[in-house]
Structure formats: structure tokens, C-alpha cells
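As stored in work15.pdb (PDB, C-alpha atoms):
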```pdb
ATOM      1  CA  MET A   1       0.000   0.000   0.000
ATOM      2  CA  SER A   2       1.431   3.352  -1.000
ATOM      3  CA  VAL A   3      -0.829   5.246   1.425
ATOM      4  CA  THR A   4      -1.264   3.882   4.921
ATOM      5  CA  ASN A   5      -1.451   4.698   8.606
ATOM      6  CA  SER A   6      -2.048   2.799  11.826
ATOM      7  CA  ILE A   7      -5.837   2.655  11.335
ATOM      8  CA  ILE A   8      -5.584   1.353   7.761
ATOM      9  CA  GLU A   9      -2.989  -1.227   8.821
ATOM     10  CA  HIS A  10      -5.243  -2.328  11.689
ATOM     11  CA  ILE A  11      -8.144  -2.821   9.279
ATOM     12  CA  HIS A  12      -5.978  -4.810   6.860
ATOM     13  CA  ALA A  13      -4.832  -7.114   9.671
ATOM     14  CA  HIS A  14      -8.338  -8.469  10.336
ATOM     15  CA  ALA A  15      -8.624 -12.254  10.478
ATOM     16  CA  SER A  16     -11.425 -14.331  11.954
ATOM     17  CA  ALA A  17     -10.580 -16.119  15.209
ATOM     18  CA  ARG A  18     -12.229 -19.463  15.987
ATOM     19  CA  HIS A  19     -10.134 -20.708  18.909
ATOM     20  CA  TYR A  20     -10.271 -18.956  22.274
ATOM     21  CA  LYS A  21      -8.896 -19.092  25.781
ATOM     22  CA  PRO A  22     -11.517 -19.568  28.514
ATOM     23  CA  ASP A  23     -10.540 -16.243  30.111
ATOM     24  CA  PRO A  24     -13.558 -13.923  30.342
ATOM     25  CA  VAL A  25     -13.618 -10.605  28.543
ATOM     26  CA  PRO A  26     -13.604  -7.895  31.258
ATOM     27  CA  ASN A  27     -16.922  -6.084  31.474
ATOM     28  CA  GLU A  28     -15.220  -2.711  31.104
ATOM     29  CA  TRP A  29     -13.747  -3.968  27.805
ATOM     30  CA  LEU A  30     -17.194  -5.064  26.666
ATOM     31  CA  GLU A  31     -18.641  -1.670  27.482
ATOM     32  CA  ALA A  32     -15.753   0.121  25.764
ATOM     33  CA  ILE A  33     -16.024  -1.798  22.497
ATOM     34  CA  VAL A  34     -19.827  -1.550  22.344
ATOM     35  CA  ALA A  35     -19.586   2.186  23.051
ATOM     36  CA  ALA A  36     -17.105   2.397  20.165
ATOM     37  CA  GLY A  37     -19.614   0.484  18.061
ATOM     38  CA  GLN A  38     -22.194   3.149  18.818
ATOM     39  CA  ARG A  39     -19.993   5.772  17.178
ATOM     40  CA  ALA A  40     -20.684   4.236  13.766
ATOM     41  CA  SER A  41     -22.754   6.273  11.355
ATOM     42  CA  SER A  42     -26.495   5.866  11.820
ATOM     43  CA  SER A  43     -29.331   6.709   9.446
ATOM     44  CA  SER A  44     -30.874   9.971  10.692
ATOM     45  CA  ASN A  45     -29.277   9.150  14.077
ATOM     46  CA  LEU A  46     -32.059   6.610  14.672
ATOM     47  CA  GLN A  47     -29.587   4.069  16.113
ATOM     48  CA  ALA A  48     -31.994   1.279  15.235
ATOM     49  CA  TYR A  49     -30.017  -1.537  16.841
ATOM     50  CA  SER A  50     -29.497  -3.380  20.103
ATOM     51  CA  VAL A  51     -26.752  -5.762  21.206
ATOM     52  CA  ILE A  52     -27.264  -8.795  23.430
ATOM     53  CA  ALA A  53     -24.064  -9.847  25.244
ATOM     54  CA  VAL A  54     -24.115 -13.525  26.196
ATOM     55  CA  THR A  55     -21.623 -15.064  28.624
ATOM     56  CA  ASN A  56     -23.783 -17.805  30.169
ATOM     57  CA  PRO A  57     -22.315 -21.146  29.006
ATOM     58  CA  GLN A  58     -25.716 -22.805  28.635
ATOM     59  CA  THR A  59     -27.043 -19.981  26.490
ATOM     60  CA  ARG A  60     -23.886 -19.977  24.366
ATOM     61  CA  ALA A  61     -24.239 -23.731  23.896
ATOM     62  CA  ALA A  62     -27.852 -23.283  22.804
ATOM     63  CA  LEU A  63     -26.812 -20.553  20.369
ATOM     64  CA  ALA A  64     -24.051 -22.790  19.029
ATOM     65  CA  HIS A  65     -26.638 -25.471  18.271
ATOM     66  CA  LEU A  66     -29.012 -23.004  16.596
ATOM     67  CA  CYS A  67     -26.119 -21.697  14.515
ATOM     68  CA  GLY A  68     -25.177 -25.036  12.999
ATOM     69  CA  ASP A  69     -23.311 -26.584  15.944
ATOM     70  CA  GLN A  70     -20.289 -24.315  15.557
ATOM     71  CA  GLU A  71     -17.969 -25.196  18.431
ATOM     72  CA  HIS A  72     -16.317 -21.788  18.725
ATOM     73  CA  ILE A  73     -19.646 -20.207  19.669
ATOM     74  CA  ALA A  74     -19.779 -22.367  22.786
ATOM     75  CA  GLU A  75     -16.028 -22.019  23.358
ATOM     76  CA  ALA A  76     -15.757 -18.230  23.113
ATOM     77  CA  PRO A  77     -16.320 -16.550  26.499
ATOM     78  CA  LEU A  78     -18.453 -13.834  24.939
ATOM     79  CA  PHE A  79     -21.071 -13.835  22.200
ATOM     80  CA  LEU A  80     -22.681 -10.686  20.870
ATOM     81  CA  ALA A  81     -25.990 -10.771  19.003
ATOM     82  CA  PHE A  82     -26.432  -7.641  16.906
ATOM     83  CA  CYS A  83     -30.113  -6.984  16.335
ATOM     84  CA  ALA A  84     -32.007  -4.724  13.998
ATOM     85  CA  ASP A  85     -34.287  -2.954  16.451
ATOM     86  CA  LEU A  86     -37.345  -0.777  15.940
ATOM     87  CA  SER A  87     -38.854  -1.673  19.325
ATOM     88  CA  ARG A  88     -37.125   1.224  21.072
ATOM     89  CA  LEU A  89     -38.282   3.643  18.381
ATOM     90  CA  ASN A  90     -41.765   2.176  18.692
ATOM     91  CA  ARG A  91     -41.693   3.055  22.394
ATOM     92  CA  ALA A  92     -40.449   6.559  21.563
ATOM     93  CA  ALA A  93     -43.377   6.940  19.179
ATOM     94  CA  GLU A  94     -45.818   5.789  21.867
ATOM     95  CA  LEU A  95     -44.395   8.250  24.369
ATOM     96  CA  ARG A  96     -44.856  11.089  21.904
ATOM     97  CA  HIS A  97     -48.348   9.940  20.810
ATOM     98  CA  HIS A  98     -47.283   8.850  17.332
ATOM     99  CA  SER A  99     -47.667   5.521  15.555
ATOM    100  CA  LEU A 100     -44.530   3.842  14.231
ATOM    101  CA  VAL A 101     -44.943   2.499  10.692
ATOM    102  CA  SER A 102     -43.165  -0.843  10.439
ATOM    103  CA  GLU A 103     -44.434  -1.969   7.040
ATOM    104  CA  PRO A 104     -41.914  -0.311   4.653
ATOM    105  CA  THR A 105     -38.976  -2.474   3.599
ATOM    106  CA  GLU A 106     -36.909   0.698   3.909
ATOM    107  CA  HIS A 107     -37.444   0.701   7.677
ATOM    108  CA  PHE A 108     -36.042  -2.815   7.958
ATOM    109  CA  LEU A 109     -33.083  -1.841   5.778
ATOM    110  CA  ILE A 110     -32.406   1.203   7.952
ATOM    111  CA  ALA A 111     -32.223  -0.999  11.037
ATOM    112  CA  ALA A 112     -30.198  -3.715   9.301
ATOM    113  CA  VAL A 113     -27.629  -1.270   7.934
ATOM    114  CA  ASP A 114     -27.385   0.531  11.275
ATOM    115  CA  ALA A 115     -26.779  -2.754  13.096
ATOM    116  CA  ALA A 116     -24.195  -3.922  10.551
ATOM    117  CA  LEU A 117     -22.234  -0.659  10.733
ATOM    118  CA  MET A 118     -22.346  -0.803  14.509
ATOM    119  CA  ALA A 119     -21.110  -4.414  14.483
ATOM    120  CA  GLN A 120     -18.115  -3.571  12.315
ATOM    121  CA  ASN A 121     -17.063  -0.705  14.586
ATOM    122  CA  THR A 122     -17.373  -3.076  17.530
ATOM    123  CA  ALA A 123     -15.201  -5.686  15.800
ATOM    124  CA  LEU A 124     -12.466  -3.157  15.025
ATOM    125  CA  ALA A 125     -12.498  -1.875  18.601
ATOM    126  CA  ALA A 126     -12.307  -5.421  19.990
ATOM    127  CA  GLU A 127      -9.371  -6.342  17.762
ATOM    128  CA  SER A 128      -7.558  -3.155  18.796
ATOM    129  CA  LEU A 129      -7.558  -4.510  22.369
ATOM    130  CA  GLY A 130      -6.097  -7.840  21.281
ATOM    131  CA  LEU A 131      -9.367  -9.759  21.217
ATOM    132  CA  GLY A 132     -10.232 -12.160  18.433
ATOM    133  CA  VAL A 133     -13.617 -11.972  16.713
ATOM    134  CA  CYS A 134     -15.626 -14.011  14.251
ATOM    135  CA  TYR A 135     -18.891 -12.981  12.625
ATOM    136  CA  ILE A 136     -21.713 -15.529  12.844
ATOM    137  CA  GLY A 137     -24.174 -15.122   9.976
ATOM    138  CA  SER A 138     -25.863 -18.387  10.917
ATOM    139  CA  LEU A 139     -27.590 -16.512  13.736
ATOM    140  CA  ARG A 140     -30.252 -16.126  11.022
ATOM    141  CA  ASN A 141     -30.694 -19.900  10.661
ATOM    142  CA  HIS A 142     -33.497 -20.018  13.241
ATOM    143  CA  PRO A 143     -34.610 -16.452  14.057
ATOM    144  CA  PRO A 144     -37.758 -17.357  16.047
ATOM    145  CA  GLU A 145     -35.802 -19.706  18.308
ATOM    146  CA  VAL A 146     -33.026 -17.166  18.783
ATOM    147  CA  ALA A 147     -35.602 -14.482  19.571
ATOM    148  CA  LYS A 148     -37.183 -16.711  22.216
ATOM    149  CA  LEU A 149     -33.815 -17.637  23.734
ATOM    150  CA  LEU A 150     -32.738 -13.994  23.967
ATOM    151  CA  ASN A 151     -36.184 -12.640  24.899
ATOM    152  CA  LEU A 152     -36.367 -10.353  21.870
ATOM    153  CA  PRO A 153     -39.607  -8.383  21.631
ATOM    154  CA  ARG A 154     -41.610  -7.656  18.499
ATOM    155  CA  LEU A 155     -39.767  -5.407  16.001
ATOM    156  CA  MET A 156     -36.365  -6.874  16.847
ATOM    157  CA  PHE A 157     -34.506  -9.225  14.526
ATOM    158  CA  PRO A 158     -31.231 -11.102  15.226
ATOM    159  CA  LEU A 159     -29.141  -9.908  12.299
ATOM    160  CA  VAL A 160     -25.654 -11.277  12.959
ATOM    161  CA  GLY A 161     -23.650 -12.717  15.822
ATOM    162  CA  MET A 162     -20.031 -12.346  16.866
ATOM    163  CA  THR A 163     -17.773 -14.494  19.023
ATOM    164  CA  LEU A 164     -15.170 -12.649  21.071
ATOM    165  CA  GLY A 165     -12.327 -13.725  23.290
ATOM    166  CA  PHE A 166      -8.586 -13.970  23.684
ATOM    167  CA  PRO A 167      -7.417 -16.076  20.725
ATOM    168  CA  THR A 168      -5.177 -19.097  21.210
ATOM    169  CA  ARG A 169      -3.827 -18.874  17.664
ATOM    170  CA  ALA A 170      -3.506 -16.222  15.020
ATOM    171  CA  GLY A 171      -6.217 -16.179  12.381
ATOM    172  CA  ARG A 172      -5.414 -16.312   8.703
ATOM    173  CA  VAL A 173      -5.672 -13.027   6.846
ATOM    174  CA  ARG A 174      -7.388 -13.907   3.585
ATOM    175  CA  PRO A 175      -6.833 -11.964   0.392
ATOM    176  CA  ARG A 176      -9.644  -9.847  -0.936
ATOM    177  CA  LEU A 177     -10.813  -9.253  -4.479
ATOM    178  CA  PRO A 178      -8.485  -7.039  -6.528
ATOM    179  CA  LEU A 179      -9.417  -3.404  -6.209
ATOM    180  CA  LYS A 180     -10.000  -3.196  -9.954
ATOM    181  CA  GLY A 181     -12.912  -5.597  -9.517
ATOM    182  CA  VAL A 182     -14.770  -3.515  -6.946
ATOM    183  CA  LEU A 183     -13.749   0.111  -7.489
ATOM    184  CA  HIS A 184     -15.414   1.887 -10.399
ATOM    185  CA  HIS A 185     -14.881   5.497 -11.470
ATOM    186  CA  GLU A 186     -17.864   7.655 -12.384
ATOM    187  CA  VAL A 187     -19.965   4.735 -13.703
ATOM    188  CA  TYR A 188     -20.009   0.975 -13.290
ATOM    189  CA  SER A 189     -18.015  -1.040 -15.816
ATOM    190  CA  ASP A 190     -17.651  -4.800 -16.068
ATOM    191  CA  GLN A 191     -14.567  -4.759 -18.282
ATOM    192  CA  ASN A 192     -12.238  -5.777 -15.431
ATOM    193  CA  GLN A 193     -14.476  -8.397 -13.841
ATOM    194  CA  ASP A 194     -13.183 -11.509 -15.611
ATOM    195  CA  ALA A 195      -9.558 -10.521 -15.032
ATOM    196  CA  ALA A 196     -10.281  -9.690 -11.388
ATOM    197  CA  LEU A 197     -12.013 -13.042 -10.823
ATOM    198  CA  ALA A 198      -9.141 -14.966 -12.429
ATOM    199  CA  GLU A 199      -6.597 -13.069 -10.338
ATOM    200  CA  TYR A 200      -8.565 -13.666  -7.166
ATOM    201  CA  ASP A 201      -8.907 -17.371  -7.923
ATOM    202  CA  GLU A 202      -5.124 -17.601  -8.085
ATOM    203  CA  ALA A 203      -4.712 -15.696  -4.822
ATOM    204  CA  MET A 204      -7.235 -17.840  -2.943
ATOM    205  CA  ILE A 205      -5.878 -21.100  -4.354
ATOM    206  CA  ALA A 206      -2.404 -20.059  -3.199
ATOM    207  CA  THR A 207      -3.612 -19.875   0.413
ATOM    208  CA  GLY A 208      -4.332 -23.620   0.366
ATOM    209  CA  ILE A 209      -7.834 -23.088   1.698
ATOM    210  CA  TYR A 210      -9.342 -25.371  -0.957
ATOM    211  CA  ASP A 211      -6.892 -28.231  -0.329
ATOM    212  CA  ASN A 212      -5.785 -28.449  -3.973
ATOM    213  CA  ARG A 213      -9.204 -29.700  -5.060
ATOM    214  CA  GLN A 214      -9.901 -30.149  -8.760
ATOM    215  CA  VAL A 215     -13.018 -29.281 -10.724
ATOM    216  CA  ALA A 216     -14.073 -29.790 -14.331
ATOM    217  CA  VAL A 217     -13.612 -26.816 -16.635
ATOM    218  CA  PRO A 218     -17.073 -25.378 -17.454
ATOM    219  CA  GLY A 219     -18.161 -26.743 -20.821
ATOM    220  CA  HIS A 220     -15.249 -29.199 -20.893
ATOM    221  CA  PRO A 221     -16.040 -32.100 -18.537
ATOM    222  CA  ASP A 222     -12.922 -33.970 -19.659
ATOM    223  CA  LYS A 223     -10.598 -31.177 -18.522
ATOM    224  CA  MET A 224      -9.763 -30.388 -14.927
ATOM    225  CA  GLU A 225      -8.589 -27.221 -13.216
ATOM    226  CA  GLN A 226      -7.977 -25.977  -9.688
ATOM    227  CA  TYR A 227     -11.069 -25.424  -7.546
ATOM    228  CA  GLY A 228     -11.134 -21.716  -6.696
ATOM    229  CA  TRP A 229     -13.202 -18.929  -5.253
ATOM    230  CA  THR A 230     -15.385 -18.505  -8.342
ATOM    231  CA  GLU A 231     -16.410 -22.166  -8.314
ATOM    232  CA  HIS A 232     -16.875 -22.186  -4.553
ATOM    233  CA  SER A 233     -18.968 -19.017  -4.543
ATOM    234  CA  ALA A 234     -20.961 -19.945  -7.638
ATOM    235  CA  ARG A 235     -21.952 -23.248  -6.038
ATOM    236  CA  ARG A 236     -23.016 -21.506  -2.860
ATOM    237  CA  MET A 237     -25.068 -18.861  -4.628
ATOM    238  CA  SER A 238     -26.765 -21.405  -6.910
ATOM    239  CA  GLN A 239     -28.537 -22.935  -3.902
ATOM    240  CA  PRO A 240     -31.456 -21.419  -1.947
ATOM    241  CA  SER A 241     -30.593 -20.182   1.519
ATOM    242  CA  ARG A 242     -32.903 -19.610   4.487
ATOM    243  CA  ALA A 243     -35.994 -19.784   2.334
ATOM    244  CA  ALA A 244     -38.328 -18.956   5.240
ATOM    245  CA  LEU A 245     -36.474 -15.785   6.188
ATOM    246  CA  ARG A 246     -38.901 -13.244   4.726
ATOM    247  CA  LYS A 247     -41.883 -14.738   6.540
ATOM    248  CA  GLN A 248     -39.879 -15.001   9.751
ATOM    249  CA  ILE A 249     -38.947 -11.320   9.531
ATOM    250  CA  GLN A 250     -42.590 -10.424   8.890
ATOM    251  CA  ASP A 251     -43.738 -12.596  11.797
ATOM    252  CA  MET A 252     -41.409 -10.592  14.049
ATOM    253  CA  GLY A 253     -43.263  -7.377  13.199
ATOM    254  CA  TRP A 254     -41.715  -6.103   9.959
ATOM    255  CA  GLY A 255     -43.965  -5.630   6.964
ATOM    256  CA  LEU A 256     -41.336  -5.635   4.177
ATOM    257  CA  GLU A 257     -43.764  -3.817   1.875
TER
END
```

Structure encoded using C-alpha cells:
Amino acid sequence: MSVTNSIIEHIHAHASARHYKPDPVPNEWLEAIVAAGQRASSSSNLQAYSVIAVTNPQTRAALAHLCGDQEHIAEAPLFLAFCADLSRLNRAAELRHHSLVSEPTEHFLIAAVDAALMAQNTALAAESLGLGVCYIGSLRNHPPEVAKLLNLPRLMFPLVGMTLGFPTRAGRVRPRLPLKGVLHHEVYSDQNQDAALAEYDEAMIATGIYDNRQVAVPGHPDKMEQYGWTEHSARRMSQPSRAALRKQIQDMGWGLE
């Protein structure tokens, strides 16, 4: 990088941690990193999010099961559930004799984006203290069950989880897509996409993450090539995921209209 500073270098050093010491995260650390999370940008300063901090081993074990039996969720001493939250704004509306409108999809997106921005600030703050973190998207596998476990009221939705703790081993910093594949000037252009995908395949294959797997060349079943990010991601995105999610979100009070 030709332009850098300590903040940029800290961001580039991010790597997910999935192995933790049993040592608890001090409560003052928890409060400090969540307060840092709150400094993220928020749509119209609505701050449409809440965070549930879970340290109880039984609750963490239950969350681990709901999230696909991921061992590090039960192992990590702290789990944070970042929730899109209109319930607090609904109470504010009641106090001021207004009626909150929950039907627009835009209102769900406001809360989801707010919660995601807040989560990323929290992750960066945690890593700055030497904690390891790992995002848990599978918190959305069973939203009604998670909501019941965490006592979430109507107009709250468990958007994403995060394990936190003192890591026992360094995580692996994975390469990202070439900048030419994601940065566009003035207007979008797809002229660099194929080259960017090919370059990224090579970078991801070089990490060894795919264990030197082979896959048939598209359109040429008799020819084999290295299994890379494009094949891996294409397979994932060609399958339905969490098909009941829209109804579950609506059942929790959001109209999505």
C-alpha cells in the first residue's frame, strides 16, 4: 500500500478467530467496544439496533446449536448478538403519541444497515484490544428460536452474531478481491471483472484453503482445473438459503412492503 497509517494497517490485519482461551472478557472492555460500536454512522441518528451480550455457558451452547453446531460459539467466552431494532423507536413513538410504521422495507433496511455498521465498529475496537472476533451469519438460521432464547420483543430481529475472546492462535488473513474488480470510477463497468475473478482465484488457491481440489472446466467435462473462489462461490449462490427468512422477519413485526 502506498498510502497507509495505523488505522488502515489495523483494518488490513483483520482475520477471523475461531479458537479462544476460557478467560472472560472484562466487562469494562465489553462496554468500551460496544460504546465504540455506537460511534458508527447511523441513518438519521435513529440508532436502530441493540446488542445482546451472552456469557452464560448454557445460552452460548444453545446458540451454538441453533447456529449449525459451531464449536467456537460455545467455546468463546463472549457472544454478541447484533439486532435490527425498531422496538425502542416504537416506544419513543408511543411516548410522543405517534404511531410507528413498520411496514416499509426501507425501515427494515435502515435498522439492518445501522446494526451492521455498529457491528463492524465493535469488531475493530475489539481487535484493537487484542481480542479475536468471528462474525456468525448463521444466527439467522433459526430467528424465532433465537428471539425466544434472547427474549427479543416484536420489532427486533437477530441480524448477525459475533464471538469474542482472547485467541489461542492467530487467524489467517485472507486476500480480498483485486481493487480493480470492486472500485469503479464515475460509472459501473464490467470490463475488469473476468480478469479480477481470475486473479482472485489464483490468490485464494495459493492460500491452500481449498486443499488443492480439482473441478471440471465449465463446458469441458474432460478437462480439470484448480477449484477456486469462483467455483466455490458460484456453487453456494446457486442454492437457496434460508428460504423462510422473509416470513420469519414479517412474523417478528416487519412488513417488508

For the structure shown, which residues end up in the PyMOL selection byres ((chain A and resi 113-115) around 9)? Put them as number ranges by chain, please? A: 40-43, 46-51, 82-85, 108-112, 116-120, 159-160

Report as a PyMOL selection string all protein, DNA and RNA residues lying within 9 Å of Ala15 (chain A), evaluated on only C-alpha atoms, omitting residues in the same chain fewer than 5 positions from it. chain A and resi 132-134+170-174

Let me have the centre and edge lengths of the axis-aligned box enclosing all listed atoms of region 167-184 of chain A with 5 Å padding on every side, in Å to one decimal, as JSON.
```
{"center_x": -9.5, "center_y": -8.6, "center_z": 5.4, "size_x": 21.9, "size_y": 31.0, "size_z": 41.6}
```

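Considering all atoms listed in the file, the residue among A:Glu127, A:Asp251, A:Gly161, A:Leu149 positioned nearest to Ile33 (chain A) is A:Glu127.
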
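The shortest atom-to-atom distance to Ala203 (chain A), with all atoms listed in the file taken into account, belongs to A:Arg176 out of A:Arg176, A:Lys223, A:His184, A:Arg88.
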
List the neighbours of region 227-243 of chain A out to 8 Å using only C-alpha atoms; skip same-chain residues closer than 4 positions along the sequence, and give me the result as a JSON list (two decimals) with C-alpha atoms, in the coordinates of the input.
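This went into around_29.json:
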```json
[["chain", "number", "residue", "atom", "x", "y", "z"],
["A", 140, "ARG", "CA", -30.25, -16.13, 11.02],
["A", 141, "ASN", "CA", -30.69, -19.90, 10.66],
["A", 197, "LEU", "CA", -12.01, -13.04, -10.82],
["A", 200, "TYR", "CA", -8.56, -13.67, -7.17],
["A", 201, "ASP", "CA", -8.91, -17.37, -7.92],
["A", 202, "GLU", "CA", -5.12, -17.60, -8.09],
["A", 204, "MET", "CA", -7.24, -17.84, -2.94],
["A", 205, "ILE", "CA", -5.88, -21.10, -4.35],
["A", 210, "TYR", "CA", -9.34, -25.37, -0.96],
["A", 212, "ASN", "CA", -5.78, -28.45, -3.97],
["A", 213, "ARG", "CA", -9.20, -29.70, -5.06],
["A", 214, "GLN", "CA", -9.90, -30.15, -8.76],
["A", 215, "VAL", "CA", -13.02, -29.28, -10.72]]
```

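Nearest to Thr163 (chain A) of all the residues A:Asn192, A:Ser44, A:Gln58, A:Gln70 is A:Gln70, based on all atoms listed in the file.
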
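When all atoms listed in the file are used to compute distances to His142 (chain A), the closest of the residues A:Gly255, A:Ala62, A:Glu225, A:Trp29 turns out to be A:Ala62.
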
Using the chain letters and residue numbers of this document, give as number ranges by chain the residues selected by the PyMOL selection byres ((chain A and resi 80) around 6). A: 52-53, 79, 81, 161-162

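From CA of Tyr20 (chain A) back to CA of Leu152 (chain A), the distance works out to 27.5 Å.
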
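Atom to atom, CA of Ser138 (chain A) and CA of Cys67 (chain A) stand 4.9 Å apart.
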
Got a sec: who's within 10 Å of Asn56 (chain A), counting only C-alpha atoms, leaving out chain neighbours fewer than 5 positions off, as a PyMOL selection string? chain A and resi 61+74+77-79

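Between Thr168 (chain A) and the residues A:Gly253, A:Pro221, A:Gly68, A:Gly130, the shortest atom-to-atom distance, using all atoms listed in the file, involves A:Gly130.
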
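Among the candidate residues A:Gln38, A:Ser99, A:Thr207, A:Gln193, the one lying nearest to Asn121 (chain A) is A:Gln38, with distances computed using only C-alpha atoms.
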
Is it possible to add all heavy atoms to region 221-230 of chain A and hand it back as a tab-separated table (two decimals), in the frame of the given file?
```tsv
chain	number	residue	atom	x	y	z
A	221	PRO	N	-16.05	-31.16	-19.65
A	221	PRO	CA	-16.04	-32.10	-18.54
A	221	PRO	C	-14.83	-33.02	-18.50
A	221	PRO	O	-14.54	-33.62	-17.47
A	221	PRO	CB	-17.33	-32.90	-18.76
A	221	PRO	CG	-17.67	-32.73	-20.19
A	221	PRO	CD	-17.20	-31.35	-20.56
A	222	ASP	N	-14.10	-33.11	-19.62
A	222	ASP	CA	-12.92	-33.97	-19.66
A	222	ASP	C	-11.65	-33.25	-19.21
A	222	ASP	O	-10.58	-33.86	-19.11
A	222	ASP	CB	-12.72	-34.52	-21.07
A	222	ASP	CG	-12.58	-33.41	-22.10
A	222	ASP	OD1	-13.20	-32.35	-21.89
A	222	ASP	OD2	-11.87	-33.61	-23.10
A	223	LYS	N	-11.75	-31.95	-18.95
A	223	LYS	CA	-10.60	-31.18	-18.52
A	223	LYS	C	-10.79	-30.72	-17.08
A	223	LYS	O	-11.89	-30.35	-16.67
A	223	LYS	CB	-10.40	-29.96	-19.42
A	223	LYS	CG	-10.08	-30.31	-20.88
A	223	LYS	CD	-9.87	-29.04	-21.70
A	223	LYS	CE	-9.54	-29.38	-23.15
A	223	LYS	NZ	-9.34	-28.13	-23.96
A	224	MET	N	-9.69	-30.76	-16.33
A	224	MET	CA	-9.76	-30.39	-14.93
A	224	MET	C	-8.92	-29.14	-14.65
A	224	MET	O	-7.93	-28.88	-15.35
A	224	MET	CB	-9.27	-31.54	-14.04
A	224	MET	CG	-10.04	-32.84	-14.23
A	224	MET	SD	-11.81	-32.70	-13.82
A	224	MET	CE	-11.70	-32.56	-12.03
A	225	GLU	N	-9.34	-28.39	-13.65
A	225	GLU	CA	-8.59	-27.22	-13.22
A	225	GLU	C	-8.70	-27.10	-11.71
A	225	GLU	O	-9.46	-27.82	-11.06
A	225	GLU	CB	-9.12	-25.95	-13.89
A	225	GLU	CG	-10.56	-25.63	-13.53
A	225	GLU	CD	-11.07	-24.36	-14.23
A	225	GLU	OE1	-10.26	-23.70	-14.90
A	225	GLU	OE2	-12.27	-24.04	-14.07
A	226	GLN	N	-7.93	-26.18	-11.13
A	226	GLN	CA	-7.98	-25.98	-9.69
A	226	GLN	C	-9.33	-25.40	-9.25
A	226	GLN	O	-9.88	-24.51	-9.90
A	226	GLN	CB	-6.86	-25.02	-9.25
A	226	GLN	CG	-5.46	-25.59	-9.34
A	226	GLN	CD	-5.21	-26.64	-8.29
A	226	GLN	OE1	-5.34	-27.84	-8.56
A	226	GLN	NE2	-4.86	-26.24	-7.10
A	227	TYR	N	-9.84	-25.93	-8.16
A	227	TYR	CA	-11.07	-25.42	-7.55
A	227	TYR	C	-10.73	-24.10	-6.87
A	227	TYR	O	-9.81	-24.03	-6.04
A	227	TYR	CB	-11.56	-26.43	-6.51
A	227	TYR	CG	-12.84	-26.09	-5.78
A	227	TYR	CD1	-14.05	-26.64	-6.17
A	227	TYR	CD2	-12.83	-25.24	-4.67
A	227	TYR	CE1	-15.23	-26.35	-5.48
A	227	TYR	CE2	-13.99	-24.95	-3.98
A	227	TYR	CZ	-15.19	-25.51	-4.38
A	227	TYR	OH	-16.35	-25.21	-3.69
A	228	GLY	N	-11.44	-23.03	-7.24
A	228	GLY	CA	-11.13	-21.72	-6.70
A	228	GLY	C	-12.34	-21.00	-6.14
A	228	GLY	O	-13.43	-21.58	-5.98
A	229	TRP	N	-12.15	-19.73	-5.88
A	229	TRP	CA	-13.20	-18.93	-5.25
A	229	TRP	C	-14.43	-18.80	-6.14
A	229	TRP	O	-15.56	-18.82	-5.65
A	229	TRP	CB	-12.65	-17.55	-4.91
A	229	TRP	CG	-13.64	-16.65	-4.23
A	229	TRP	CD1	-13.91	-16.57	-2.89
A	229	TRP	CD2	-14.50	-15.68	-4.86
A	229	TRP	NE1	-14.87	-15.62	-2.65
A	229	TRP	CE2	-15.26	-15.05	-3.83
A	229	TRP	CE3	-14.70	-15.28	-6.18
A	229	TRP	CZ2	-16.19	-14.05	-4.10
A	229	TRP	CZ3	-15.64	-14.29	-6.44
A	229	TRP	CH2	-16.38	-13.67	-5.41
A	230	THR	N	-14.23	-18.67	-7.46
A	230	THR	CA	-15.38	-18.50	-8.34
A	230	THR	C	-16.26	-19.75	-8.32
A	230	THR	O	-17.48	-19.66	-8.24
A	230	THR	CB	-14.96	-18.18	-9.79
A	230	THR	OG1	-14.06	-19.19	-10.25
A	230	THR	CG2	-14.29	-16.83	-9.87
```
